[in-house]
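Dumped model-v1.cif below, it's mmCIF, C-alpha atoms and all ligand atoms:
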data_query
loop_
_atom_site.label_atom_id
_atom_site.label_comp_id
_atom_site.auth_asym_id
_atom_site.auth_seq_id
_atom_site.Cartn_x
_atom_site.Cartn_y
_atom_site.Cartn_z
CA MET R 299 24.04 12.80 -0.41
CA LYS R 300 21.28 14.18 1.79
CA ALA R 301 19.07 11.60 3.49
CA VAL R 302 16.61 11.23 6.37
CA ARG R 303 17.98 8.63 8.78
CA MET R 304 16.83 7.10 12.06
CA HIS R 305 19.67 6.43 14.51
CA GLU R 306 17.36 5.13 17.24
CA SER R 307 13.70 4.20 17.54
CA GLY R 308 11.25 6.62 19.06
CA GLY R 309 8.90 9.35 17.84
CA VAL R 310 8.92 11.06 14.49
CA GLU R 311 11.47 13.55 15.88
CA LYS R 312 14.02 10.72 15.53
CA PHE R 313 13.95 11.26 11.75
CA VAL R 314 17.11 13.30 11.08
CA TYR R 315 17.76 15.13 7.79
CA GLU R 316 21.53 14.95 7.38
CA ASP R 317 24.50 14.08 5.17
CA ALA R 318 24.93 10.36 4.48
CA PRO R 319 27.39 8.40 2.33
CA ASP R 320 26.38 7.80 -1.29
CA PRO R 321 25.39 4.12 -1.81
CA LEU R 322 28.04 2.10 -3.70
CA ILE R 323 26.64 -0.38 -6.23
CA ALA R 324 27.90 -3.90 -6.88
CA ALA R 325 28.01 -5.41 -10.39
CA ASN R 326 24.43 -6.69 -10.03
CA GLU R 327 22.84 -3.54 -8.56
CA VAL R 328 21.26 -0.37 -9.94
CA LEU R 329 21.66 3.15 -8.53
CA VAL R 330 18.58 5.40 -8.78
CA ARG R 331 18.34 9.17 -8.16
CA VAL R 332 15.18 9.58 -6.10
CA LYS R 333 12.60 12.06 -7.44
CA GLY R 334 9.77 11.09 -5.11
CA CYS R 335 9.11 8.73 -2.20
CA ALA R 336 5.58 8.09 -0.94
CA LEU R 337 4.84 7.47 2.74
CA ASN R 338 3.11 4.40 4.17
CA HIS R 339 2.01 3.43 7.66
CA LEU R 340 5.28 1.49 7.88
CA GLU R 341 6.95 4.81 8.63
CA VAL R 342 4.45 5.63 11.37
CA TRP R 343 4.99 2.21 12.95
CA ALA R 344 8.78 2.63 12.73
CA THR R 345 8.53 5.72 14.92
CA VAL R 346 6.85 3.80 17.73
CA LEU R 347 8.96 0.63 17.82
CA PRO R 348 8.91 -0.63 21.38
CA PRO R 349 12.26 -0.78 23.25
CA GLY R 350 14.14 -3.98 22.44
CA ILE R 351 13.14 -4.08 18.76
CA THR R 352 16.28 -3.55 16.75
CA PHE R 353 16.87 -2.45 13.19
CA PRO R 354 20.01 -1.66 11.19
CA ARG R 355 21.31 1.76 12.24
CA PRO R 356 21.30 4.32 10.93
CA ARG R 357 18.23 3.35 8.94
CA ILE R 358 16.86 5.12 5.83
CA LEU R 359 13.11 4.45 5.63
CA GLY R 360 10.79 4.82 2.63
CA SER R 361 9.46 1.93 0.48
CA ASP R 362 7.68 3.65 -2.46
CA VAL R 363 10.21 5.21 -4.80
CA ALA R 364 10.29 6.81 -8.26
CA GLY R 365 13.33 8.36 -9.90
CA VAL R 366 15.91 8.22 -12.68
CA VAL R 367 18.56 5.52 -13.22
CA GLU R 368 21.88 7.10 -12.23
CA ALA R 369 24.25 4.14 -12.73
CA VAL R 370 24.04 0.45 -13.66
CA GLY R 371 26.29 -2.36 -12.41
CA ASP R 372 28.64 -4.03 -14.90
CA ALA R 373 26.78 -7.37 -14.83
CA ILE R 374 23.42 -5.83 -15.84
CA SER R 375 22.08 -5.32 -19.35
CA GLY R 376 18.74 -3.91 -20.50
CA ILE R 377 18.51 -1.03 -18.01
CA GLN R 378 19.59 2.38 -19.37
CA VAL R 379 21.12 5.27 -17.43
CA GLY R 380 18.62 8.15 -17.52
CA ALA R 381 15.51 5.92 -17.64
CA LYS R 382 12.43 7.12 -15.68
CA VAL R 383 11.62 4.32 -13.27
CA MET R 384 9.74 3.31 -10.15
CA LEU R 385 10.79 0.57 -7.78
CA GLN R 386 9.23 -2.70 -6.73
CA PRO R 387 9.03 -2.17 -2.95
CA GLY R 388 9.71 -5.83 -2.08
CA VAL R 389 13.15 -7.41 -2.35
CA SER R 390 13.35 -11.20 -2.56
CA CYS R 391 16.10 -13.77 -3.14
CA GLY R 392 15.05 -14.67 -6.69
CA VAL R 393 16.16 -18.31 -6.48
CA CYS R 394 13.96 -20.08 -3.89
CA ALA R 395 10.87 -22.17 -4.73
CA ALA R 396 8.50 -19.29 -3.90
CA CYS R 397 10.43 -16.78 -6.01
CA LEU R 398 10.68 -19.17 -8.95
CA ALA R 399 6.93 -19.86 -8.69
CA GLY R 400 6.31 -16.12 -9.03
CA VAL R 401 5.06 -15.65 -5.48
CA ASP R 402 8.06 -13.65 -4.33
CA ASN R 403 6.00 -12.08 -1.53
CA GLN R 404 6.14 -15.56 0.10
CA CYS R 405 9.98 -15.68 -0.11
CA SER R 406 11.44 -16.39 3.33
CA SER R 407 13.96 -13.56 2.86
CA TYR R 408 11.35 -11.09 1.51
CA SER R 409 11.80 -7.56 2.82
CA LEU R 410 10.66 -4.06 1.92
CA LEU R 411 12.97 -1.25 0.90
CA GLY R 412 13.72 0.64 4.10
CA GLN R 413 12.40 -2.13 6.36
CA GLY R 414 15.04 -4.87 5.97
CA PRO R 415 18.65 -5.03 4.77
CA TRP R 416 18.01 -2.53 1.92
CA ASP R 417 17.87 1.19 2.62
CA GLY R 418 14.75 3.07 1.54
CA GLY R 419 13.97 6.17 -0.49
CA PHE R 420 14.13 9.01 2.06
CA ALA R 421 17.38 10.00 0.33
CA GLU R 422 18.78 11.50 -2.85
CA LEU R 423 20.09 8.10 -4.02
CA ILE R 424 19.02 4.47 -3.51
CA LYS R 425 20.43 1.16 -4.77
CA VAL R 426 18.31 -1.88 -5.67
CA PRO R 427 18.53 -5.21 -7.52
CA PRO R 428 17.62 -5.00 -11.24
CA ALA R 429 14.43 -7.05 -10.67
CA ASN R 430 13.08 -4.09 -8.69
CA ILE R 431 13.25 -1.65 -11.62
CA ILE R 432 9.94 -0.82 -13.41
CA PRO R 433 9.72 1.62 -16.37
CA VAL R 434 7.29 4.50 -15.73
CA PRO R 435 4.73 5.54 -18.40
CA ASP R 436 5.23 9.10 -19.74
CA ASN R 437 1.79 10.24 -18.55
CA LEU R 438 2.78 9.92 -14.87
CA SER R 439 4.77 12.43 -12.82
CA PHE R 440 7.44 11.17 -10.41
CA GLU R 441 5.16 11.99 -7.47
CA GLU R 442 2.34 9.97 -9.05
CA ALA R 443 4.65 7.05 -9.91
CA ALA R 444 5.93 6.94 -6.31
CA SER R 445 2.30 6.70 -5.16
CA ILE R 446 1.64 3.46 -7.05
CA PRO R 447 3.72 0.47 -5.98
CA LEU R 448 2.91 -0.55 -2.44
CA VAL R 449 -0.77 0.30 -2.26
CA PHE R 450 -1.77 -0.82 -5.75
CA VAL R 451 0.09 -4.14 -5.63
CA THR R 452 -1.37 -4.79 -2.18
CA ALA R 453 -4.94 -4.00 -3.26
CA TRP R 454 -4.59 -6.02 -6.49
CA HIS R 455 -3.27 -9.07 -4.63
CA MET R 456 -6.15 -8.82 -2.13
CA LEU R 457 -9.03 -8.38 -4.57
CA VAL R 458 -7.87 -10.31 -7.64
CA THR R 459 -5.61 -13.07 -6.35
CA ARG R 460 -6.90 -13.70 -2.82
CA ALA R 461 -10.63 -12.78 -2.77
CA ARG R 462 -11.22 -13.43 -6.52
CA LEU R 463 -13.70 -10.55 -6.79
CA GLN R 464 -16.08 -11.11 -9.72
CA ARG R 465 -18.02 -8.80 -12.04
CA ASN R 466 -21.32 -7.64 -10.46
CA GLU R 467 -20.29 -8.75 -6.97
CA VAL R 468 -20.53 -6.21 -4.13
CA VAL R 469 -17.38 -5.19 -2.30
CA LEU R 470 -17.16 -3.12 0.88
CA VAL R 471 -13.94 -1.07 0.75
CA ASN R 472 -13.04 0.13 4.24
CA ALA R 473 -11.18 3.42 4.80
CA ALA R 474 -11.71 4.28 1.16
CA GLY R 475 -9.72 7.50 1.55
CA SER R 476 -6.51 5.71 2.49
CA GLY R 477 -3.84 4.72 -0.02
CA VAL R 478 -4.95 1.09 -0.30
CA GLY R 479 -8.62 2.11 -0.19
CA ILE R 480 -8.18 4.45 -3.18
CA ALA R 481 -6.39 1.68 -5.08
CA ALA R 482 -9.01 -0.93 -4.13
CA THR R 483 -11.95 1.24 -5.25
CA GLN R 484 -10.42 1.72 -8.69
CA ILE R 485 -9.42 -1.94 -9.11
CA ALA R 486 -12.88 -3.12 -8.03
CA LYS R 487 -14.55 -0.86 -10.60
CA LEU R 488 -12.08 -2.09 -13.24
CA LEU R 489 -13.27 -5.63 -12.42
CA GLY R 490 -16.91 -4.57 -12.81
CA ALA R 491 -17.91 -4.83 -9.14
CA ARG R 492 -20.27 -2.58 -7.16
CA VAL R 493 -18.31 -0.63 -4.54
CA ILE R 494 -19.62 0.43 -1.14
CA ALA R 495 -16.99 2.73 0.32
CA SER R 496 -16.60 3.36 4.04
CA ALA R 497 -14.70 6.23 5.64
CA GLY R 498 -14.65 8.37 8.75
CA SER R 499 -15.85 11.55 7.06
CA ASP R 500 -18.45 12.54 4.46
CA ALA R 501 -15.81 14.55 2.57
CA LYS R 502 -13.71 11.41 2.02
CA LEU R 503 -16.79 9.49 0.85
CA GLU R 504 -17.56 12.19 -1.73
CA LYS R 505 -14.00 11.92 -3.05
CA ALA R 506 -14.27 8.12 -3.14
CA LYS R 507 -17.35 8.51 -5.37
CA THR R 508 -15.29 10.55 -7.85
CA LEU R 509 -13.06 7.46 -8.15
CA GLY R 510 -16.06 5.26 -8.90
CA ALA R 511 -17.50 4.23 -5.52
CA ASP R 512 -21.24 3.63 -5.90
CA GLU R 513 -22.28 4.24 -2.28
CA GLY R 514 -20.70 5.41 0.94
CA ILE R 515 -20.99 4.70 4.67
CA ASN R 516 -19.59 7.08 7.30
CA TYR R 517 -18.60 4.65 10.09
CA ASN R 518 -18.39 7.47 12.61
CA THR R 519 -22.06 8.38 12.23
CA ALA R 520 -23.67 5.07 11.12
CA ASP R 521 -23.43 1.39 12.13
CA LEU R 522 -21.13 0.01 9.41
CA GLY R 523 -22.52 -3.54 9.48
CA GLN R 524 -26.20 -2.54 9.61
CA GLU R 525 -25.81 0.05 6.87
CA ALA R 526 -23.97 -2.39 4.56
CA LEU R 527 -26.80 -4.90 5.07
CA ARG R 528 -29.43 -2.22 4.36
CA LEU R 529 -27.67 -1.22 1.11
CA THR R 530 -27.67 -4.85 -0.05
CA ASP R 531 -31.30 -5.64 0.92
CA SER R 532 -30.03 -7.77 3.85
CA ARG R 533 -28.06 -10.05 1.49
CA GLY R 534 -24.66 -8.73 2.60
CA VAL R 535 -21.50 -7.99 0.64
CA ASP R 536 -19.56 -10.61 -1.32
CA VAL R 537 -16.15 -9.23 -0.40
CA VAL R 538 -14.91 -7.06 2.46
CA PHE R 539 -11.65 -5.21 1.73
CA GLU R 540 -10.22 -4.73 5.22
CA HIS R 541 -7.07 -3.18 6.70
CA ILE R 542 -8.30 -1.44 9.86
CA GLY R 543 -8.93 -4.31 12.26
CA GLY R 544 -10.71 -4.05 15.62
CA GLU R 545 -14.33 -2.95 15.65
CA ILE R 546 -14.36 -2.04 11.94
CA LEU R 547 -13.43 -5.63 11.06
CA GLU R 548 -16.07 -6.98 13.45
CA LYS R 549 -18.83 -4.79 11.96
CA SER R 550 -17.71 -5.69 8.43
CA ALA R 551 -17.83 -9.42 9.17
CA GLN R 552 -21.46 -8.97 10.29
CA ALA R 553 -22.25 -7.71 6.76
CA LEU R 554 -20.61 -10.60 4.91
CA ALA R 555 -22.91 -12.52 2.54
CA ARG R 556 -23.20 -16.26 2.11
CA ASN R 557 -19.95 -17.44 0.43
CA GLY R 558 -18.50 -14.01 1.33
CA ARG R 559 -14.77 -13.42 1.57
CA LEU R 560 -13.15 -11.03 4.03
CA VAL R 561 -9.61 -10.17 2.99
CA THR R 562 -7.31 -8.10 5.19
CA CYS R 563 -3.81 -6.65 4.89
CA GLY R 564 -3.58 -4.59 8.05
CA ALA R 565 -4.65 -3.73 11.55
CA THR R 566 -4.00 -0.01 11.91
CA ALA R 567 -6.70 0.40 14.57
CA GLY R 568 -6.83 -2.94 16.37
CA ARG R 569 -4.87 -6.19 16.22
CA THR R 570 -7.59 -8.40 17.65
CA ALA R 571 -11.25 -8.83 16.75
CA SER R 572 -14.01 -11.32 17.48
CA PHE R 573 -16.50 -12.75 15.01
CA SER R 574 -19.33 -15.27 14.96
CA VAL R 575 -17.96 -18.77 14.36
CA TRP R 576 -21.56 -19.90 13.83
CA SER R 577 -22.17 -17.46 10.99
CA PHE R 578 -18.69 -18.22 9.59
CA PHE R 579 -19.40 -21.91 8.96
CA MET R 580 -23.16 -21.82 8.40
CA ARG R 581 -22.79 -19.14 5.74
CA GLN R 582 -19.62 -20.77 4.31
CA GLN R 583 -17.48 -17.67 4.56
CA THR R 584 -13.74 -17.26 4.08
CA PHE R 585 -11.26 -15.07 5.95
CA LEU R 586 -8.11 -14.33 3.94
CA GLY R 587 -4.84 -12.80 5.08
CA SER R 588 -2.82 -10.92 2.48
CA PHE R 589 0.62 -9.32 2.50
CA MET R 590 1.96 -7.13 -0.31
CA GLY R 591 1.77 -8.65 -3.82
CA THR R 592 4.10 -10.11 -6.42
CA LYS R 593 6.49 -8.38 -8.79
CA SER R 594 4.52 -9.96 -11.63
CA GLU R 595 1.24 -8.44 -10.44
CA LEU R 596 2.71 -4.93 -10.30
CA LEU R 597 4.26 -5.23 -13.78
CA GLY R 598 0.97 -6.62 -15.11
CA MET R 599 -0.92 -3.58 -13.81
CA MET R 600 1.20 -0.98 -15.63
CA PRO R 601 -0.91 -0.93 -18.87
CA TYR R 602 -3.89 0.26 -16.79
CA PHE R 603 -1.85 3.26 -15.59
CA ARG R 604 -0.70 3.96 -19.14
CA SER R 605 -4.34 3.99 -20.33
CA GLY R 606 -5.57 6.02 -17.35
CA GLN R 607 -7.95 3.26 -16.15
CA LEU R 608 -6.02 3.25 -12.88
CA ARG R 609 -4.58 6.46 -11.50
CA PRO R 610 -2.56 7.23 -8.40
CA VAL R 611 -3.89 10.00 -6.16
CA VAL R 612 -1.42 12.38 -4.51
CA ASP R 613 -2.66 14.38 -1.53
CA ARG R 614 0.40 16.51 -0.78
CA VAL R 615 4.09 16.81 -1.61
CA TYR R 616 6.69 17.86 0.98
CA PRO R 617 10.42 18.53 0.62
CA LEU R 618 12.43 15.60 2.04
CA SER R 619 13.79 17.95 4.71
CA GLU R 620 10.21 18.27 6.08
CA VAL R 621 9.59 14.52 6.38
CA GLN R 622 8.60 14.88 10.04
CA ALA R 623 5.64 17.08 9.08
CA ALA R 624 4.75 14.60 6.32
CA VAL R 625 4.68 11.63 8.72
CA ARG R 626 2.62 13.62 11.23
CA GLN R 627 0.05 14.39 8.53
CA LEU R 628 -0.12 10.68 7.60
CA ALA R 629 -0.61 9.67 11.24
CA SER R 630 -3.40 12.25 11.64
CA ARG R 631 -5.41 10.55 8.82
CA ASP R 632 -6.14 14.06 7.49
CA HIS R 633 -5.44 13.22 3.86
CA PHE R 634 -7.02 11.68 0.76
CA GLY R 635 -4.34 9.95 -1.27
CA LYS R 636 -0.62 9.57 -0.91
CA ILE R 637 1.77 11.89 0.88
CA VAL R 638 5.07 12.18 -1.03
CA VAL R 639 8.46 13.58 -0.06
CA VAL R 640 10.83 14.92 -2.72
CA PRO R 641 14.60 15.35 -2.21
ZN ZN Z 1 13.07 -16.26 -2.65
#
Please lay out the structure from this file as structure tokens.
Amino acid sequence: MKAVRMHESGGVEKFVYEDAPDPLIAANEVLVRVKGCALNHLEVWATVLPPGITFPRPRILGSDVAGVVEAVGDAISGIQVGAKVMLQPGVSCGVCAACLAGVDNQCSSYSLLGQGPWDGGFAELIKVPPANIIPVPDNLSFEEAASIPLVFVTAWHMLVTRARLQRNEVVLVNAAGSGVGIAATQIAKLLGARVIASAGSDAKLEKAKTLGADEGINYNTADLGQEALRLTDSRGVDVVFEHIGGEILEKSAQALARNGRLVTCGATAGRTASFSVWSFFMRQQTFLGSFMGTKSELLGMMPYFRSGQLRPVVDRVYPLSEVQAAVRQLASRDHFGKIVVVP
């Protein structure tokens, strides 16, 4: 098969489009022909791994996959060859206390396709455990289906499970034009919340409003914290949906209401931040860390995609052979929605 592999860490030029062996499936594995693989910041980070960090070589990246079942191991029933599917991006052991409790994203052996022992979807074929197979509704294209798993399960876990966003609460969604931001805006509206979107350009804010955002703040031209307070009559926002880190997190924390919850899943622009401990305890606020989501949450979301209440947004599709250009576009932040590569 053709695949994009990394033989050594370094810049995006280390992604090599080349021939690779077809994956061989065991009795309890499923082979999927990839029809689309969406990019995430994981791929950008993988290009800048510092010296000394090791990963299995050669490595096939890509965690968000949609395709068609090509072959099914002998020990598996209930999955048909030819079925249109997308893949749960997280692989877990399935037998530990966390997995059996349904919180597989807390499994000690949890890994993402393309980031741990399992190869990812920058290839014509990929193998996965059967628990990672999800049927795709007919109304979604492969490119759209590939744009769902990682960002939607992450945003759902943050807003519903961690921050417990309620109807009529106000949520500040940072970087609303990013993959998780687009998912969070739609999920928050589904829950009946008021959404204040933030982004680095007015064009992205206008697009966020077409997805349901009620107001927008351009954090390059306005003070994010002050503007969020002004829009809430100085009360502040009930929930901050955060994944940027650094100064954006600091400004957002300044706009957190009494009993407010700040939930974060990333630090793309700064791994450290400072905040007021005084305000934190006096105003009884909560800071929540969040990582991915559970297989159950992603399966439970599928009816909303079937009904059109949630919809993936695809910015651009590249051939797999042009994955370097795709990753460069992602790193530039010049996109609204997911960037997908197709073998
Ligand atoms: Zn486990």
Residues at most 10 Å from ligand ZN 1 (chain Z), using only C-alpha atoms and all ligand atoms? Could they come as a ChimeraX atom specification?
-> /R:389-408
Could you state the separation of CA of Glu620 in chain R and CA of Val639 in chain R in Å, given to one decimal place?
-> 7.9 Å
Atom-to-atom span, CA of Thr566 in chain R and CA of His339 in chain R, Å =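 Going from CA of Thr566 in chain R over to CA of His339 in chain R, I get 8.1 Å.
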Using all atoms listed in the file, pick whichever of R:Gly598, R:Pro387, R:Pro427, R:Gly510 has the shortest atom-to-atom distance to Leu329 in chain R.
->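 The shortest atom-to-atom distance to Leu329 in chain R comes from R:Pro427.
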Go through R:Ala318, R:Val615, R:Leu337, R:Met600 one by one, measure the shortest atom-to-atom distance of each to Met384 in chain R using all atoms listed in the file, and give the residue with the smallest value.
-> R:Met600
Can you check which parts of range 498-587 of chain R lie within 7 Å of range 449-464 of chain R? Per residue, the shortest pair of atoms and distance in Å to one decimal, counting only C-alpha atoms, sorted by chain and number, as a Markdown table.
| residue | atom | partner | partner_atom | distance |
| --- | --- | --- | --- | --- |
| R:Val537 | CA | R:Leu463 | CA | 7.0 |
| R:Arg559 | CA | R:Ala461 | CA | 6.0 |
| R:Val561 | CA | R:Met456 | CA | 6.3 |
| R:Leu586 | CA | R:Arg460 | CA | 6.9 |
Would you mind exporting the chosen residues as an mmCIF file, in the frame of the given file, restricted to C-alpha atoms?
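The resulting file, again_29.cif, is reproduced below:
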data_model
loop_
_atom_site.group_PDB
_atom_site.id
_atom_site.type_symbol
_atom_site.label_atom_id
_atom_site.label_comp_id
_atom_site.auth_asym_id
_atom_site.auth_seq_id
_atom_site.Cartn_x
_atom_site.Cartn_y
_atom_site.Cartn_z
ATOM 1 C CA VAL R 537 -16.150 -9.230 -0.400
ATOM 2 C CA ARG R 559 -14.770 -13.420 1.570
ATOM 3 C CA VAL R 561 -9.610 -10.170 2.990
ATOM 4 C CA LEU R 586 -8.110 -14.330 3.940
#
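For the choices R:Ala474, R:Ala491, R:Ala336, R:Glu525, the atom-to-atom distance to Lys505 in chain R is smallest for R:Ala474 when using all atoms listed in the file.
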